[in-house]
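Asks: Dropping the structure in here first, questions after.
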Amino acid sequence: MVATAIRASALGLLPATARAAEPASVDPACFSSHDLWSPLPDRCLGVIDTDRPHQTDTPHTVPAGHTQIESALVAVELGGGVESRRGQAAKLRLFDDAYKFGLASGVDLQLLFDHAAYDLGSRRLLPPGPLSLRAKFSLRAEAGAIPAVTFVPWVFLPIAPTQALRGGPLAFFGWELPFGFELEANAGVLFAARPKPPAAVVLASALTYTVAGEFRIFIDAYATGWDIAFGTGALWAFARDMQLDLGTYLGLSGDEPVATPFLGFSVRR
């Protein structure tokens, strides 16, 4: 049944599910099914559509046959966990990247990896990671009040002993609202080995507003169990396939850092 829904999304509903693949013309090639061997033509591509810098992820997938890299070029964690107050020294994180591959219409595969971290207090490098793998399967397009829906199996693979093996199913939702607003939501559950709790509910929502052209601002909140953070910032697609973003995440509870200002860059090929 899921396979049927995915095929229906790929063949008939795709243009409404992904802002990045919304064609400006009625070229039939833009509305047909595509894959790695038959990529969506460049003339059908719209402006790049990313998960970052929101903590809440979009239900939209990378256009078939295309690759997208989304990077937090630099982020600074100020303070330790909001509740534990461990590791008060700032931590510098570099190249927290997502590598995303459009496998077919409405389906993409993603590899997410935090490449480097440096503890400014002890002046030492920290272990990279975790490495996480996930896929997005577009189940349906947005239709009026009915949101776009994407199913996302996700697993986090530990690189260091302090990191936990985690995984679980999530669903991503998205609505295009009047007056330049866009609403996204995530819901699911992550199961984990120690040192994390055995299960944590994931709930998140982001509201984005288009100020002018492709310059947008956002606010969002993300909760994994009792680890809760608020985020705000801006993103600017200065070219069809490139985007800059900046902002700050603010920890509200749990092990979230007190504040994490960031600067990011995304590109699509």
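The chains in the structure tokens are called A, B, ... from first to last as shown; in each chain the residues are counted from 1, and the ligands are counted from 1 in the order shown.
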Need the shell around Trp236 in chain A: protein/DNA/RNA residues with any atom at most 10 Å away, counting only C-alpha atoms. Skip same-chain ones fewer than 5 positions apart. Format as number ranges by chain?
Replies: A: 210, 212-217, 242-246, 265
Asks: Write out as a PyMOL selection string which residues come within 9 Å of Gly180 in chain A when counting only C-alpha atoms, dropping same-chain ones fewer than 6 positions away.
Replies: chain A and resi 208-211
Asks: Write a file of the selected residues as a JSON list (two decimals), in the first residue's frame, keeping C-alpha atoms.
Replies:
[["chain", "number", "residue", "atom", "x", "y", "z"],
["A", 208, "THR", "CA", 8.57, 30.57, 7.83],
["A", 209, "TYR", "CA", 7.70, 33.95, 6.32],
["A", 210, "THR", "CA", 8.85, 35.22, 2.92],
["A", 211, "VAL", "CA", 9.95, 38.82, 3.40]]
Asks: Under the rule that only C-alpha atoms are counted, which of A:Leu131, A:Val152, A:Leu40, A:Ala239 is the nearest residue to Asp96 in chain A?
Replies: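 Among the listed residues, the smallest separation from Asp96 in chain A belongs to A:Leu131.
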Asks: Find the spatial neighbours of Ala204 in chain A, counting only C-alpha atoms, within a cut-off of 8 Å - ignore same-chain residues fewer than 6 positions away - and output them as a list in words.
Replies: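 That gives Gln55, Thr56, Ala185, Asn186, Ala187, Asp220, Ala221, Tyr222 and Ala223 of chain A.
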Asks: Find the residues of range 137-228 of chain A that sit at most 12 Å from range 98-122 of chain A; for each, write down the nearest two atoms and how far apart they are in Å, to one decimal. Count only C-alpha atoms. Sort by chain, then by number going up, and give it as a Markdown table.
Replies:
| residue | atom | partner | partner_atom | distance |
| --- | --- | --- | --- | --- |
| A:Phe137 | CA | A:Val107 | CA | 4.8 |
| A:Ser138 | CA | A:Gly106 | CA | 4.9 |
| A:Leu139 | CA | A:Gly106 | CA | 8.0 |
| A:Arg140 | CA | A:Gly106 | CA | 9.2 |
| A:Ala141 | CA | A:Gly106 | CA | 9.8 |
| A:Ala148 | CA | A:Gly106 | CA | 11.2 |
| A:Val149 | CA | A:Gly106 | CA | 10.7 |
| A:Thr150 | CA | A:Gly106 | CA | 8.8 |
| A:Phe151 | CA | A:Val107 | CA | 9.8 |
| A:Val152 | CA | A:Leu109 | CA | 9.9 |
| A:Pro153 | CA | A:Leu109 | CA | 10.3 |
| A:Trp154 | CA | A:Gln110 | CA | 9.5 |
| A:Val155 | CA | A:Leu111 | CA | 10.1 |
| A:Phe156 | CA | A:Leu112 | CA | 9.0 |
| A:Leu157 | CA | A:Phe113 | CA | 9.9 |
| A:Pro158 | CA | A:Phe113 | CA | 10.6 |
| A:Ile159 | CA | A:Phe113 | CA | 10.1 |
Asks: Output N, CA and C atoms for every residue in the selection just made, as a CSV table (one decimal), in the first residue's frame.
Replies:
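Once written, result_24.csv looks like this:
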chain,number,residue,atom,x,y,z
A,137,PHE,N,10.2,9.4,2.0
A,137,PHE,CA,9.3,8.8,1.0
A,137,PHE,C,8.0,9.7,1.0
A,138,SER,N,7.8,10.4,-0.1
A,138,SER,CA,6.7,11.3,-0.2
A,138,SER,C,5.4,10.5,-0.4
A,139,LEU,N,4.5,10.6,0.5
A,139,LEU,CA,3.2,9.8,0.5
A,139,LEU,C,2.1,10.5,-0.2
A,140,ARG,N,2.0,11.9,0.0
A,140,ARG,CA,1.0,12.6,-0.7
A,140,ARG,C,1.3,14.1,-0.8
A,141,ALA,N,0.7,14.7,-1.8
A,141,ALA,CA,0.9,16.2,-2.0
A,141,ALA,C,0.0,17.0,-1.1
A,148,ALA,N,1.1,18.2,2.8
A,148,ALA,CA,2.1,17.2,2.2
A,148,ALA,C,2.6,16.3,3.3
A,149,VAL,N,2.7,15.0,3.0
A,149,VAL,CA,3.1,14.1,4.1
A,149,VAL,C,4.3,13.2,3.6
A,150,THR,N,5.3,13.1,4.4
A,150,THR,CA,6.5,12.3,4.0
A,150,THR,C,6.8,11.4,5.2
A,151,PHE,N,7.1,10.1,4.8
A,151,PHE,CA,7.5,9.1,5.8
A,151,PHE,C,9.0,9.0,5.9
A,152,VAL,N,9.6,9.0,7.1
A,152,VAL,CA,11.0,9.1,7.2
A,152,VAL,C,11.6,8.1,8.2
A,153,PRO,N,12.1,6.9,7.8
A,153,PRO,CA,12.8,6.1,8.7
A,153,PRO,C,14.2,6.7,8.9
A,154,TRP,N,14.7,6.7,10.2
A,154,TRP,CA,15.9,7.4,10.5
A,154,TRP,C,16.7,6.6,11.6
A,155,VAL,N,18.0,6.5,11.4
A,155,VAL,CA,18.9,5.8,12.3
A,155,VAL,C,20.1,6.6,12.6
A,156,PHE,N,20.5,6.8,13.8
A,156,PHE,CA,21.8,7.5,14.3
A,156,PHE,C,22.8,6.4,14.7
A,157,LEU,N,23.9,6.4,14.0
A,157,LEU,CA,25.0,5.5,14.3
A,157,LEU,C,26.1,6.2,15.1
A,158,PRO,N,26.4,5.6,16.3
A,158,PRO,CA,27.4,6.3,17.2
A,158,PRO,C,28.8,6.2,16.6
A,159,ILE,N,29.6,7.2,16.8
A,159,ILE,CA,31.0,7.2,16.4
A,159,ILE,C,31.9,7.1,17.6
Asks: Which of these residues is nearest to Thr67 in chain A, using only C-alpha atoms: A:Gly46, A:Ile146, A:Arg268, A:Pro53?
Replies: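 Residue with the minimum atom-to-atom distance to Thr67 in chain A: A:Arg268.
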Asks: Apply DSSP to the structure's backbone, then extract all residues of range 4-252 of chain A labelled helix (DSSP H, G or I) and return them as a list in words.
Replies: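 So, restricting range 4-252 of chain A to helix (DSSP H, G or I), we get Thr4, Ala5, Ile6, Arg7, Ala8, Ser9, Ala10, Leu11, Gly12, Leu13, Leu14, Pro15, Ala16, Thr17, Arg19, Ala20, Ala21, Pro28, Ala29, Cys30, Asp42, Arg43, Cys44, Pro178, Phe179 and Gly180 of chain A.
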Asks: Extract the full set of strand (DSSP E) residues from range 94-155 of chain A according to DSSP on the backbone, and format it as a PyMOL selection string.
Replies: chain A and resi 94-104+107-119+124-126+131-140+148-155
Asks: Those same residues - C-alpha atoms - I'd like them written as an mmCIF file, in the first residue's frame.
Replies:
data_model
loop_
_atom_site.group_PDB
_atom_site.id
_atom_site.type_symbol
_atom_site.label_atom_id
_atom_site.label_comp_id
_atom_site.auth_asym_id
_atom_site.auth_seq_id
_atom_site.Cartn_x
_atom_site.Cartn_y
_atom_site.Cartn_z
ATOM 1 C CA LEU A 94 32.436 22.770 11.816
ATOM 2 C CA PHE A 95 30.722 21.263 8.790
ATOM 3 C CA ASP A 96 27.676 19.613 10.305
ATOM 4 C CA ASP A 97 26.556 18.436 6.867
ATOM 5 C CA ALA A 98 23.658 16.670 5.192
ATOM 6 C CA TYR A 99 24.380 14.904 1.890
ATOM 7 C CA LYS A 100 21.109 14.292 0.057
ATOM 8 C CA PHE A 101 20.493 12.266 -3.101
ATOM 9 C CA GLY A 102 17.289 12.294 -5.152
ATOM 10 C CA LEU A 103 16.814 8.618 -6.021
ATOM 11 C CA ALA A 104 13.435 8.895 -7.723
ATOM 12 C CA VAL A 107 12.161 9.583 -2.786
ATOM 13 C CA ASP A 108 15.564 10.676 -1.505
ATOM 14 C CA LEU A 109 18.383 9.203 0.603
ATOM 15 C CA GLN A 110 20.294 11.301 3.141
ATOM 16 C CA LEU A 111 23.549 10.963 5.069
ATOM 17 C CA LEU A 112 24.050 13.434 7.927
ATOM 18 C CA PHE A 113 27.388 13.836 9.696
ATOM 19 C CA ASP A 114 28.942 16.291 12.148
ATOM 20 C CA HIS A 115 32.530 16.385 10.854
ATOM 21 C CA ALA A 116 34.483 18.277 13.525
ATOM 22 C CA ALA A 117 34.117 19.765 16.992
ATOM 23 C CA TYR A 118 36.596 21.658 19.165
ATOM 24 C CA ASP A 119 36.312 22.335 22.891
ATOM 25 C CA ARG A 124 41.108 19.720 22.214
ATOM 26 C CA LEU A 125 39.297 18.105 19.337
ATOM 27 C CA LEU A 126 36.149 16.173 20.171
ATOM 28 C CA LEU A 131 26.524 9.558 11.620
ATOM 29 C CA SER A 132 22.867 9.311 10.710
ATOM 30 C CA LEU A 133 21.085 7.795 7.733
ATOM 31 C CA ARG A 134 17.529 8.408 6.673
ATOM 32 C CA ALA A 135 15.262 8.284 3.645
ATOM 33 C CA LYS A 136 12.266 10.389 2.711
ATOM 34 C CA PHE A 137 9.256 8.808 1.003
ATOM 35 C CA SER A 138 6.676 11.320 -0.196
ATOM 36 C CA LEU A 139 3.241 9.814 0.485
ATOM 37 C CA ARG A 140 0.959 12.592 -0.688
ATOM 38 C CA ALA A 148 2.076 17.244 2.199
ATOM 39 C CA VAL A 149 3.105 14.078 4.069
ATOM 40 C CA THR A 150 6.452 12.292 4.024
ATOM 41 C CA PHE A 151 7.463 9.092 5.833
ATOM 42 C CA VAL A 152 11.039 9.112 7.209
ATOM 43 C CA PRO A 153 12.822 6.074 8.702
ATOM 44 C CA TRP A 154 15.911 7.398 10.548
ATOM 45 C CA VAL A 155 18.880 5.797 12.321
#
Asks: Expressed in Å to a single decimal, how great is the separation between CA of Pro169 in chain A and CA of Pro59 in chain A?
Replies: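 Interatomic distance, CA of Pro169 in chain A to CA of Pro59 in chain A: 13.7 Å.
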Asks: Please provide the set of residues having any atom within 12 Å of Ala229 in chain A, restricted to only C-alpha atoms, with same-chain residues fewer than 5 positions apart removed, written as a PyMOL selection string.
Replies: chain A and resi 54-56+81-82+202-206+219-224+248-260
Asks: Store the residues of this selection in a file with C-alpha atoms, as a compact mmCIF listing (two decimals), in the first residue's frame.
Replies:
# COMPACT_ATOMS: atom_id res chain seq x y z
CA HIS A 54 15.06 24.94 10.67
CA GLN A 55 15.35 22.22 13.27
CA THR A 56 11.97 21.09 11.94
CA GLY A 81 23.09 21.28 28.71
CA VAL A 82 20.41 23.62 30.04
CA VAL A 202 9.77 13.79 18.62
CA LEU A 203 7.54 16.84 18.12
CA ALA A 204 8.51 19.94 16.15
CA SER A 205 7.01 22.83 14.23
CA ALA A 206 8.41 25.73 12.18
CA ILE A 219 10.91 30.56 14.10
CA ASP A 220 10.67 26.96 15.23
CA ALA A 221 10.66 24.66 18.25
CA TYR A 222 12.00 21.11 18.36
CA ALA A 223 11.61 18.52 21.13
CA THR A 224 13.16 15.05 21.40
CA THR A 248 20.56 30.91 16.70
CA TYR A 249 19.15 27.87 18.47
CA LEU A 250 18.26 28.41 22.14
CA GLY A 251 18.11 25.47 24.54
CA LEU A 252 15.02 25.37 26.71
CA SER A 253 15.52 22.12 28.64
CA GLY A 254 17.42 18.85 28.80
CA ASP A 255 20.85 18.48 27.19
CA GLU A 256 20.37 21.25 24.62
CA PRO A 257 23.13 23.92 24.73
CA VAL A 258 22.12 27.28 26.17
CA ALA A 259 22.63 28.96 22.78
CA THR A 260 24.05 27.89 19.40
